[in-house]
$ cat model-v8.json   # JSON, C-alpha atoms
[["chain", "number", "residue", "atom", "x", "y", "z"],
["A", 1, "MET", "CA", 100.36, 106.75, 53.81],
["A", 2, "LYS", "CA", 101.13, 110.13, 55.29],
["A", 3, "THR", "CA", 103.44, 110.13, 58.30],
["A", 4, "LEU", "CA", 101.92, 111.71, 61.39],
["A", 5, "LYS", "CA", 104.00, 114.55, 62.77],
["A", 6, "TRP", "CA", 103.60, 115.78, 66.28],
["A", 7, "SER", "CA", 103.59, 119.53, 66.80],
["A", 8, "LYS", "CA", 105.12, 121.10, 69.89],
["A", 9, "PHE", "CA", 101.62, 121.90, 71.09],
["A", 10, "SER", "CA", 100.39, 118.30, 70.89],
["A", 11, "MET", "CA", 103.52, 116.99, 72.60],
["A", 12, "LEU", "CA", 103.12, 119.54, 75.39],
["A", 13, "LEU", "CA", 99.45, 118.65, 75.78],
["A", 14, "LEU", "CA", 100.28, 114.97, 75.95],
["A", 15, "GLY", "CA", 102.89, 115.66, 78.63],
["A", 16, "ILE", "CA", 100.40, 117.61, 80.73],
["A", 17, "ILE", "CA", 97.87, 114.79, 80.43],
["A", 18, "PHE", "CA", 100.47, 112.22, 81.47],
["A", 19, "VAL", "CA", 101.33, 114.22, 84.58],
["A", 20, "LEU", "CA", 97.67, 114.59, 85.52],
["A", 21, "MET", "CA", 96.99, 110.89, 85.06],
["A", 22, "ILE", "CA", 99.57, 109.79, 87.61],
["A", 23, "LEU", "CA", 98.95, 110.47, 91.28],
["A", 24, "PRO", "CA", 101.83, 110.85, 93.72],
["A", 25, "GLY", "CA", 103.22, 107.41, 94.38],
["A", 26, "GLY", "CA", 102.58, 106.32, 90.80],
["A", 27, "VAL", "CA", 98.94, 105.31, 91.37],
["A", 28, "PHE", "CA", 96.59, 105.76, 88.42],
["A", 29, "ALA", "CA", 93.42, 107.45, 89.68],
["A", 30, "VAL", "CA", 89.99, 106.61, 88.35],
["A", 31, "ILE", "CA", 86.74, 108.15, 89.60],
["A", 32, "VAL", "CA", 84.28, 105.26, 89.70],
["A", 33, "SER", "CA", 80.53, 105.30, 89.24],
["A", 34, "PRO", "CA", 78.47, 103.21, 91.64],
["A", 35, "THR", "CA", 76.71, 99.95, 90.88],
["A", 36, "ASP", "CA", 73.14, 99.62, 92.12],
["A", 37, "VAL", "CA", 72.93, 96.73, 94.59],
["A", 38, "GLY", "CA", 69.44, 96.44, 96.03],
["A", 39, "GLY", "CA", 68.93, 100.19, 95.92],
["A", 40, "ILE", "CA", 72.37, 100.94, 97.39],
["A", 41, "ASP", "CA", 75.02, 102.85, 95.43],
["A", 42, "TYR", "CA", 78.00, 100.50, 95.75],
["A", 43, "TYR", "CA", 81.39, 102.06, 94.90],
["A", 44, "ASP", "CA", 84.14, 99.61, 93.97],
["A", 45, "LEU", "CA", 87.46, 100.66, 95.54],
["A", 46, "THR", "CA", 89.00, 97.20, 95.25],
["A", 47, "VAL", "CA", 91.52, 98.42, 92.63],
["A", 48, "ALA", "CA", 94.40, 100.71, 93.62],
["A", 49, "GLY", "CA", 93.62, 104.33, 92.79],
["A", 50, "ASN", "CA", 89.87, 103.88, 92.41],
["A", 51, "THR", "CA", 88.19, 106.95, 93.87],
["A", 52, "ALA", "CA", 84.61, 107.74, 94.84],
["A", 53, "VAL", "CA", 83.30, 111.28, 95.32],
["A", 54, "ILE", "CA", 80.27, 111.24, 97.62],
["A", 55, "ASP", "CA", 78.95, 114.72, 98.37],
["A", 56, "ASP", "CA", 81.75, 116.66, 100.11],
["A", 57, "ALA", "CA", 84.05, 113.70, 100.75],
["A", 58, "ILE", "CA", 86.53, 111.74, 98.65],
["A", 59, "PHE", "CA", 87.10, 108.04, 99.25],
["A", 60, "THR", "CA", 90.17, 106.53, 97.64],
["A", 61, "GLY", "CA", 91.65, 103.03, 97.75],
["A", 62, "GLY", "CA", 95.23, 101.85, 97.60],
["A", 63, "GLU", "CA", 98.34, 101.04, 99.56],
["A", 64, "THR", "CA", 99.71, 104.46, 100.41],
["A", 65, "HIS", "CA", 100.50, 104.55, 104.10],
["A", 66, "PRO", "CA", 101.79, 102.18, 106.78],
["A", 67, "ALA", "CA", 99.14, 101.41, 109.36],
["A", 68, "GLY", "CA", 98.51, 98.81, 112.03],
["A", 69, "SER", "CA", 99.02, 98.66, 115.76],
["A", 70, "GLY", "CA", 101.79, 100.92, 117.02],
["A", 71, "VAL", "CA", 102.33, 102.59, 113.65],
["A", 72, "PHE", "CA", 99.57, 105.17, 113.55],
["A", 73, "GLY", "CA", 97.29, 106.70, 116.15],
["A", 74, "SER", "CA", 94.19, 104.54, 116.14],
["A", 75, "PHE", "CA", 91.05, 106.05, 117.63],
["A", 76, "LEU", "CA", 88.45, 103.40, 116.70],
["A", 77, "ARG", "CA", 88.93, 99.63, 116.53],
["A", 78, "SER", "CA", 85.98, 97.27, 116.17],
["A", 79, "GLY", "CA", 85.70, 93.52, 115.75],
["A", 80, "LYS", "CA", 83.37, 91.32, 113.75],
["A", 81, "ASP", "CA", 80.00, 90.08, 114.90],
["A", 82, "GLU", "CA", 80.32, 86.29, 115.02],
["A", 83, "ASN", "CA", 76.65, 85.75, 114.14],
["A", 84, "ASP", "CA", 75.89, 87.65, 110.96],
["A", 85, "GLY", "CA", 79.14, 89.05, 109.51],
["A", 86, "GLU", "CA", 78.15, 92.64, 110.28],
["A", 87, "SER", "CA", 79.94, 94.93, 112.72],
["A", 88, "SER", "CA", 79.77, 98.52, 113.87],
["A", 89, "GLY", "CA", 81.29, 100.96, 116.31],
["A", 90, "TYR", "CA", 82.03, 104.51, 117.34],
["A", 91, "ASN", "CA", 84.91, 106.06, 119.26],
["A", 92, "THR", "CA", 84.52, 107.20, 122.86],
["A", 93, "ASP", "CA", 86.32, 107.30, 126.21],
["A", 94, "TRP", "CA", 83.31, 105.81, 128.03],
["A", 95, "ARG", "CA", 83.92, 102.46, 129.72],
["A", 96, "ASN", "CA", 81.87, 100.04, 131.79],
["A", 97, "PRO", "CA", 84.22, 98.25, 134.21],
["A", 98, "THR", "CA", 81.87, 95.26, 134.44],
["A", 99, "ALA", "CA", 81.41, 94.71, 130.68],
["A", 100, "PRO", "CA", 84.06, 93.49, 128.22],
["A", 101, "LYS", "CA", 82.52, 95.46, 125.33],
["A", 102, "LEU", "CA", 80.72, 98.71, 124.69],
["A", 103, "ASP", "CA", 77.21, 98.78, 123.25],
["A", 104, "LEU", "CA", 78.42, 97.88, 119.75],
["A", 105, "ASP", "CA", 81.52, 96.00, 118.52],
["A", 106, "GLN", "CA", 84.28, 98.40, 119.64],
["A", 107, "ILE", "CA", 87.40, 97.07, 121.31],
["A", 108, "THR", "CA", 87.57, 98.64, 124.78],
["A", 109, "ASP", "CA", 91.36, 99.03, 124.94],
["A", 110, "GLY", "CA", 91.88, 102.78, 125.33],
["A", 111, "ASN", "CA", 94.95, 102.67, 123.09],
["A", 112, "PHE", "CA", 92.73, 101.88, 120.12],
["A", 113, "THR", "CA", 89.24, 103.18, 120.91],
["A", 114, "ARG", "CA", 89.24, 106.65, 122.38],
["A", 115, "SER", "CA", 88.15, 110.25, 122.03],
["A", 116, "LEU", "CA", 89.52, 112.40, 119.21],
["A", 117, "LEU", "CA", 90.01, 116.15, 119.55],
["A", 118, "LEU", "CA", 89.03, 118.30, 116.58],
["A", 119, "SER", "CA", 92.04, 120.50, 117.29],
["A", 120, "ALA", "CA", 94.35, 117.51, 116.77],
["A", 121, "LEU", "CA", 93.36, 117.02, 113.14],
["A", 122, "GLN", "CA", 95.82, 118.16, 110.48],
["A", 123, "VAL", "CA", 94.48, 120.12, 107.51],
["A", 124, "VAL", "CA", 95.49, 118.49, 104.20],
["A", 125, "ASP", "CA", 95.65, 120.42, 100.91],
["A", 126, "ASP", "CA", 94.13, 123.43, 102.73],
["A", 127, "ASP", "CA", 90.62, 121.95, 102.53],
["A", 128, "TYR", "CA", 90.39, 118.49, 104.08],
["A", 129, "TYR", "CA", 90.58, 116.47, 107.24],
["A", 130, "VAL", "CA", 91.64, 112.92, 106.47],
["A", 131, "PHE", "CA", 90.78, 109.55, 108.00],
["A", 132, "ASP", "CA", 92.31, 106.22, 107.02],
["A", 133, "LEU", "CA", 91.17, 102.65, 107.57],
["A", 134, "ASP", "CA", 93.06, 99.39, 107.97],
["A", 135, "ILE", "CA", 90.76, 96.41, 107.36],
["A", 136, "ASN", "CA", 91.25, 92.73, 108.12],
["A", 137, "GLN", "CA", 89.66, 89.95, 106.10],
["A", 138, "THR", "CA", 90.60, 86.41, 105.10],
["A", 139, "LYS", "CA", 92.76, 86.00, 102.00],
["A", 140, "SER", "CA", 90.19, 83.69, 100.45],
["A", 141, "ASP", "CA", 87.40, 86.26, 100.90],
["A", 142, "PRO", "CA", 89.10, 89.67, 101.03],
["A", 143, "TYR", "CA", 86.18, 91.99, 100.28],
["A", 144, "LEU", "CA", 84.43, 94.07, 102.94],
["A", 145, "SER", "CA", 81.73, 96.72, 102.61],
["A", 146, "LEU", "CA", 81.73, 100.01, 104.49],
["A", 147, "ASP", "CA", 78.01, 100.64, 104.77],
["A", 148, "THR", "CA", 77.81, 103.62, 107.13],
["A", 149, "PHE", "CA", 80.25, 106.49, 107.61],
["A", 150, "GLN", "CA", 79.04, 109.35, 109.81],
["A", 151, "ILE", "CA", 80.95, 112.07, 111.65],
["A", 152, "TYR", "CA", 79.62, 114.13, 114.57],
["A", 153, "LEU", "CA", 80.94, 116.82, 116.88],
["A", 154, "LEU", "CA", 80.13, 116.76, 120.61],
["A", 155, "ASP", "CA", 81.33, 118.53, 123.74],
["A", 156, "ASP", "CA", 82.08, 115.41, 125.81],
["A", 157, "PRO", "CA", 84.83, 112.81, 125.27],
["A", 158, "ASP", "CA", 82.86, 109.92, 126.79],
["A", 159, "GLU", "CA", 79.48, 109.93, 125.06],
["A", 160, "TYR", "CA", 77.41, 106.76, 125.45],
["A", 161, "PRO", "CA", 75.31, 105.03, 124.13],
["A", 162, "LEU", "CA", 75.08, 105.34, 120.36],
["A", 163, "SER", "CA", 71.87, 107.38, 120.55],
["A", 164, "SER", "CA", 73.78, 110.11, 122.40],
["A", 165, "VAL", "CA", 76.42, 110.23, 119.68],
["A", 166, "LEU", "CA", 73.78, 110.44, 116.96],
["A", 167, "GLY", "CA", 72.34, 113.45, 118.77],
["A", 168, "GLY", "CA", 75.51, 115.45, 118.17],
["A", 169, "ALA", "CA", 76.19, 118.05, 115.48],
["A", 170, "LEU", "CA", 76.32, 116.14, 112.19],
["A", 171, "VAL", "CA", 79.40, 116.88, 110.10],
["A", 172, "TYR", "CA", 79.06, 114.31, 107.32],
["A", 173, "ASP", "CA", 76.88, 111.35, 106.40],
["A", 174, "MET", "CA", 77.79, 109.15, 103.44],
["A", 175, "ASP", "CA", 74.09, 108.30, 103.05],
["A", 176, "ALA", "CA", 72.74, 111.86, 103.27],
["A", 177, "ASP", "CA", 71.53, 112.03, 99.65],
["A", 178, "ASP", "CA", 71.54, 108.40, 98.49],
["A", 179, "GLU", "CA", 72.21, 105.22, 100.42],
["A", 180, "SER", "CA", 75.82, 104.40, 99.60],
["A", 181, "ALA", "CA", 78.48, 101.83, 100.42],
["A", 182, "ILE", "CA", 82.17, 101.31, 99.68],
["A", 183, "LYS", "CA", 83.58, 97.95, 98.55],
["A", 184, "MET", "CA", 87.08, 97.44, 99.97],
["A", 185, "ASN", "CA", 89.78, 94.85, 99.32],
["A", 186, "TYR", "CA", 92.00, 93.46, 102.09],
["A", 187, "ALA", "CA", 94.33, 91.97, 99.46],
["A", 188, "LEU", "CA", 94.91, 95.33, 97.79],
["A", 189, "SER", "CA", 97.94, 96.21, 99.91],
["A", 190, "SER", "CA", 101.02, 94.06, 99.52],
["A", 191, "SER", "CA", 101.09, 92.80, 103.10],
["A", 192, "GLY", "CA", 97.37, 92.94, 103.96],
["A", 193, "SER", "CA", 97.03, 93.91, 107.60],
["A", 194, "GLY", "CA", 99.22, 96.81, 108.69],
["A", 195, "GLU", "CA", 98.62, 99.22, 105.81],
["A", 196, "SER", "CA", 95.86, 101.70, 105.11],
["A", 197, "ASP", "CA", 93.29, 100.29, 102.71],
["A", 198, "ILE", "CA", 91.28, 103.46, 102.10],
["A", 199, "TYR", "CA", 91.58, 107.17, 102.80],
["A", 200, "VAL", "CA", 88.57, 109.41, 103.36],
["A", 201, "TYR", "CA", 89.02, 113.13, 102.71],
["A", 202, "VAL", "CA", 86.22, 115.19, 104.32],
["A", 203, "GLU", "CA", 86.00, 118.89, 103.61],
["A", 204, "LYS", "CA", 87.05, 121.09, 106.53],
["A", 205, "LYS", "CA", 84.18, 123.49, 105.87],
["A", 206, "LEU", "CA", 81.74, 120.82, 107.06],
["A", 207, "PHE", "CA", 83.49, 120.66, 110.44],
["A", 208, "ASP", "CA", 83.49, 124.45, 110.67],
["A", 209, "ALA", "CA", 79.75, 124.62, 109.98],
["A", 210, "ALA", "CA", 78.93, 121.92, 112.54],
["A", 211, "TYR", "CA", 81.18, 123.49, 115.17],
["A", 212, "ALA", "CA", 79.33, 126.79, 114.83],
["A", 213, "THR", "CA", 76.02, 125.17, 115.79],
["A", 214, "GLY", "CA", 76.94, 124.55, 119.43],
["A", 215, "VAL", "CA", 79.30, 125.39, 122.28],
["A", 216, "ASN", "CA", 82.66, 123.70, 122.81],
["A", 217, "LEU", "CA", 82.01, 120.95, 120.28],
["A", 218, "ASP", "CA", 85.63, 119.89, 120.54],
["A", 219, "TYR", "CA", 85.37, 116.11, 120.06],
["A", 220, "VAL", "CA", 85.09, 114.20, 116.80],
["A", 221, "TYR", "CA", 82.97, 111.05, 116.78],
["A", 222, "LEU", "CA", 83.03, 108.56, 113.93],
["A", 223, "PHE", "CA", 80.23, 106.00, 113.61],
["A", 224, "VAL", "CA", 80.74, 103.19, 111.08],
["A", 225, "GLU", "CA", 79.01, 99.97, 110.02],
["A", 226, "TYR", "CA", 80.43, 97.13, 107.93],
["A", 227, "GLY", "CA", 79.38, 93.92, 106.29],
["A", 228, "GLU", "CA", 75.87, 94.45, 104.93],
["A", 229, "LEU", "CA", 76.94, 93.81, 101.31],
["A", 230, "ASP", "CA", 80.27, 92.04, 101.83],
["A", 231, "GLY", "CA", 80.58, 90.44, 105.25],
["A", 232, "ASP", "CA", 83.11, 91.07, 108.01],
["A", 233, "ASN", "CA", 84.88, 87.71, 108.38],
["A", 234, "ASP", "CA", 88.13, 88.20, 110.27],
["A", 235, "GLY", "CA", 89.99, 90.30, 112.83],
["A", 236, "TYR", "CA", 89.21, 93.95, 113.42],
["A", 237, "GLN", "CA", 88.85, 97.20, 111.47],
["A", 238, "GLU", "CA", 90.93, 100.13, 112.67],
["A", 239, "TRP", "CA", 90.53, 103.86, 111.96],
["A", 240, "SER", "CA", 93.13, 106.56, 112.31],
["A", 241, "ALA", "CA", 93.15, 110.29, 111.54],
["A", 242, "ILE", "CA", 95.89, 112.40, 110.02],
["A", 243, "VAL", "CA", 97.06, 114.42, 113.01],
["A", 244, "GLY", "CA", 100.51, 115.77, 112.14],
["A", 245, "PRO", "CA", 102.57, 117.22, 109.28],
["A", 246, "ASN", "CA", 104.81, 114.14, 109.20],
["A", 247, "ASP", "CA", 101.83, 111.85, 108.71],
["A", 248, "LEU", "CA", 100.34, 113.29, 105.53],
["A", 249, "PRO", "CA", 98.95, 111.10, 102.73],
["A", 250, "PRO", "CA", 99.41, 111.91, 99.03],
["A", 251, "PRO", "CA", 97.03, 114.66, 97.88],
["A", 252, "VAL", "CA", 93.86, 113.50, 96.16],
["A", 253, "PRO", "CA", 93.00, 115.46, 92.99],
["A", 254, "GLU", "CA", 89.77, 117.39, 92.83],
["A", 255, "PRO", "CA", 87.09, 116.20, 90.41],
["A", 256, "ALA", "CA", 88.00, 119.16, 88.17],
["A", 257, "THR", "CA", 91.35, 117.52, 87.50],
["A", 258, "PHE", "CA", 89.60, 114.59, 85.88],
["A", 259, "ILE", "CA", 87.43, 116.90, 83.80],
["A", 260, "LEU", "CA", 90.57, 118.60, 82.56],
["A", 261, "LEU", "CA", 92.10, 115.22, 81.83],
["A", 262, "GLY", "CA", 89.09, 114.12, 79.78],
["A", 263, "GLY", "CA", 89.04, 117.40, 77.88],
["A", 264, "GLY", "CA", 92.74, 117.09, 77.11],
["A", 265, "LEU", "CA", 92.31, 113.59, 75.71],
["A", 266, "VAL", "CA", 89.42, 114.69, 73.49],
["A", 267, "GLY", "CA", 91.40, 117.69, 72.28],
["A", 268, "LEU", "CA", 94.40, 115.57, 71.45],
["A", 269, "ALA", "CA", 92.26, 113.07, 69.54],
["A", 270, "LEU", "CA", 90.66, 115.82, 67.46],
["A", 271, "TYR", "CA", 94.06, 117.33, 66.76],
["A", 272, "ARG", "CA", 95.46, 114.03, 65.50],
["A", 273, "ARG", "CA", 92.37, 113.44, 63.35],
["A", 274, "ARG", "CA", 92.82, 116.79, 61.66],
["A", 275, "GLN", "CA", 96.48, 116.06, 61.03],
["A", 276, "LYS", "CA", 95.61, 112.82, 59.20],
["A", 277, "LYS", "CA", 93.28, 114.61, 56.75]]
$ encode --input "model-v8.json" --output "structure tokens"
Amino acid sequence: MKTLKWSKFSMLLLGIIFVLMILPGGVFAVIVSPTDVGGIDYYDLTVAGNTAVIDDAIFTGGETHPAGSGVFGSFLRSGKDENDGESSGYNTDWRNPTAPKLDLDQITDGNFTRSLLLSALQVVDDDYYVFDLDINQTKSDPYLSLDTFQIYLLDDPDEYPLSSVLGGALVYDMDADDESAIKMNYALSSSGSGESDIYVYVEKKLFDAAYATGVNLDYVYLFVEYGELDGDNDGYQEWSAIVGPNDLPPPVPEPATFILLGGGLVGLALYRRRQKK
């Protein structure tokens, strides 16, 4: 049997592939394809490093950032609906002094549900604004679906009700082309509550285009819905945005990186096959 010898080229290629396969923090990244669940494209981000590319946004799962009350700047916190396991909410400064809740399931404490200035967002990797989510589920049933993710720009920090928010300048809609949902895992992070469970990278150019459609569209509104496919069963869900240079997440590779990775693996396999002949 002939002994396989590695050339300098193949060893270099293998080294490049190894570097590309490992994300910062040592998380192996995999772009996942959706599963059809009742006509909904369901992306499984229940494994660390799983990544979904939906139009001009990147959703990635994994324990990469401390979250929770008092650790990052929450701008939207919503609690479960006791009746059907579904919940929803959007951020705003509007309050009704006589009502304990807003029109959906937002928590009214202004420390956790509030307006968000576009100018406060930090650009990541030159191209993205980034939002991160800390979910809360029971340990026995840790999965939760993110069924709606929409971003709007408006000129007022206290828009109300939801219909007013939906009348703003649309930045991004996860369901714009195909109805989509993200499957998330509360047990994915080592300590559960208090760490970001997913990051969402939305291209800055979408914000720029929406901003140009109006006047003084300085406020970012996020509207989300949970629990249609995997029910909301415990606590609250809390969104934050990356707003400063000391609060940056690891960079997420572009889809081209994975194409390069696949091409490198094929090339290496062909090279080794030729060497065996």
$ atom_distance --input "model-v8.json" --atom1 "CA of Asp173 (chain A)" --atom2 "CA of Asp141 (chain A)"
27.8 Å
$ closest_residue --input "model-v8.json" --among "A:Asp234, A:Gly167, A:Asp175, A:Phe75" --to "Ala120 (chain A)" --atoms "only C-alpha atoms"
A:Phe75
$ atom_distance --input "model-v8.json" --atom1 "CA of Tyr90 (chain A)" --atom2 "CA of Ser74 (chain A)"
12.2 Å
$ closest_residue --input "model-v8.json" --among "A:Leu45, A:Thr35, A:Asp177, A:Ala169" --to "Val215 (chain A)" --atoms "all atoms listed in the file"
A:Ala169
$ residues_near_point --input "model-v8.json" --point "(91.3, 112.2, 108.4)" --cutoff "7 Å" --atoms "all atoms listed in the file" --output "ChimeraX atom specification"
/A:129-132,200-201,241-242
$ write_last_selection --input "model-v8.json" --atoms "C-alpha atoms" --output "compact mmCIF listing (two decimals), in the frame of the given file"
# COMPACT_ATOMS: atom_id res chain seq x y z
CA TYR A 129 90.58 116.47 107.24
CA VAL A 130 91.64 112.92 106.47
CA PHE A 131 90.78 109.55 108.00
CA ASP A 132 92.31 106.22 107.02
CA VAL A 200 88.57 109.41 103.36
CA TYR A 201 89.02 113.13 102.71
CA ALA A 241 93.15 110.29 111.54
CA ILE A 242 95.89 112.40 110.02
$ closest_residue --input "model-v8.json" --among "A:Ala187, A:Ile135, A:Val37, A:Leu153" --to "Tyr236 (chain A)" --atoms "only C-alpha atoms"
A:Ile135
$ atom_distance --input "model-v8.json" --atom1 "CA of Glu195 (chain A)" --atom2 "CA of Asn50 (chain A)"
16.7 Å
$ residues_near_point --input "model-v8.json" --point "(88.6, 117.5, 111.5)" --cutoff "12 Å" --atoms "only C-alpha atoms" --output "PyMOL selection string"
chain A and resi 116-124+126-131+151-153+171-172+200-211+217-222+240-243
$ closest_residue --input "model-v8.json" --among "A:Val32, A:Ile40, A:Leu188, A:Val165" --to "Ile58 (chain A)" --atoms "all atoms listed in the file"
A:Val32
$ closest_residue --input "model-v8.json" --among "A:Ser140, A:Gln150, A:Thr98, A:Ser196" --to "Ala57 (chain A)" --atoms "only C-alpha atoms"
A:Gln150
$ closest_residue --input "model-v8.json" --among "A:Asp93, A:Asp155, A:Asp232, A:Asp84" --to "Lys183 (chain A)" --atoms "only C-alpha atoms"
A:Asp232
$ residues_around --input "model-v8.json" --residues "Ile107 (chain A)" --least-positions-apart "4" --cutoff "8 Å" --atoms "all atoms listed in the file" --output "PyMOL selection string"
chain A and resi 76-79+101-102+112-113
$ build_atoms --input "model-v8.json" --residues "region 225-233 of chain A" --atoms "all heavy atoms" --output "short mmCIF file (atom, residue, chain, number, x, y, z; two decimals), in the coordinates of the input"
data_model
loop_
_atom_site.label_atom_id
_atom_site.label_comp_id
_atom_site.auth_asym_id
_atom_site.auth_seq_id
_atom_site.Cartn_x
_atom_site.Cartn_y
_atom_site.Cartn_z
N GLU A 225 79.59 101.31 110.09
CA GLU A 225 79.01 99.97 110.02
C GLU A 225 79.60 99.24 108.82
O GLU A 225 79.84 99.85 107.76
CB GLU A 225 77.49 100.03 109.88
CG GLU A 225 76.78 100.60 111.10
CD GLU A 225 75.28 100.66 110.93
OE1 GLU A 225 74.83 101.23 109.90
OE2 GLU A 225 74.55 100.15 111.80
N TYR A 226 79.83 97.94 108.98
CA TYR A 226 80.43 97.13 107.93
C TYR A 226 79.61 95.86 107.71
O TYR A 226 78.89 95.41 108.60
CB TYR A 226 81.84 96.66 108.31
CG TYR A 226 82.78 97.67 108.89
CD1 TYR A 226 82.89 97.85 110.27
CD2 TYR A 226 83.60 98.44 108.06
CE1 TYR A 226 83.77 98.76 110.81
CE2 TYR A 226 84.49 99.36 108.61
CZ TYR A 226 84.57 99.52 109.98
OH TYR A 226 85.45 100.41 110.51
N GLY A 227 79.78 95.29 106.51
CA GLY A 227 79.38 93.92 106.29
C GLY A 227 78.00 93.67 105.75
O GLY A 227 77.62 92.50 105.58
N GLU A 228 77.22 94.69 105.45
CA GLU A 228 75.87 94.45 104.93
C GLU A 228 75.92 93.83 103.54
O GLU A 228 75.15 92.92 103.23
CB GLU A 228 75.07 95.75 104.89
CG GLU A 228 73.65 95.59 104.36
CD GLU A 228 72.88 96.89 104.32
OE1 GLU A 228 73.32 97.88 104.92
OE2 GLU A 228 71.82 96.91 103.68
N LEU A 229 76.84 94.32 102.68
CA LEU A 229 76.94 93.81 101.31
C LEU A 229 78.05 92.79 101.14
O LEU A 229 77.90 91.82 100.39
CB LEU A 229 77.14 94.98 100.34
CG LEU A 229 76.01 96.01 100.31
CD1 LEU A 229 76.30 97.09 99.29
CD2 LEU A 229 74.67 95.35 100.00
N ASP A 230 79.18 93.01 101.79
CA ASP A 230 80.27 92.04 101.83
C ASP A 230 80.67 91.88 103.28
O ASP A 230 81.12 92.83 103.92
CB ASP A 230 81.46 92.51 100.98
CG ASP A 230 81.24 92.26 99.49
OD1 ASP A 230 81.28 91.08 99.08
OD2 ASP A 230 81.02 93.23 98.74
N GLY A 231 80.53 90.66 103.82
CA GLY A 231 80.58 90.44 105.25
C GLY A 231 81.94 90.58 105.89
O GLY A 231 82.99 90.29 105.29
N ASP A 232 81.93 90.99 107.14
CA ASP A 232 83.11 91.07 108.01
C ASP A 232 83.43 89.65 108.47
O ASP A 232 82.64 89.01 109.16
CB ASP A 232 82.78 91.98 109.20
CG ASP A 232 83.97 92.25 110.10
OD1 ASP A 232 84.99 91.57 109.95
OD2 ASP A 232 83.84 93.13 110.98
N ASN A 233 84.62 89.12 108.10
CA ASN A 233 84.88 87.71 108.38
C ASN A 233 86.15 87.44 109.19
O ASN A 233 86.46 86.28 109.46
CB ASN A 233 84.94 86.91 107.06
CG ASN A 233 86.04 87.39 106.12
OD1 ASN A 233 87.14 87.73 106.52
ND2 ASN A 233 85.72 87.41 104.82
#
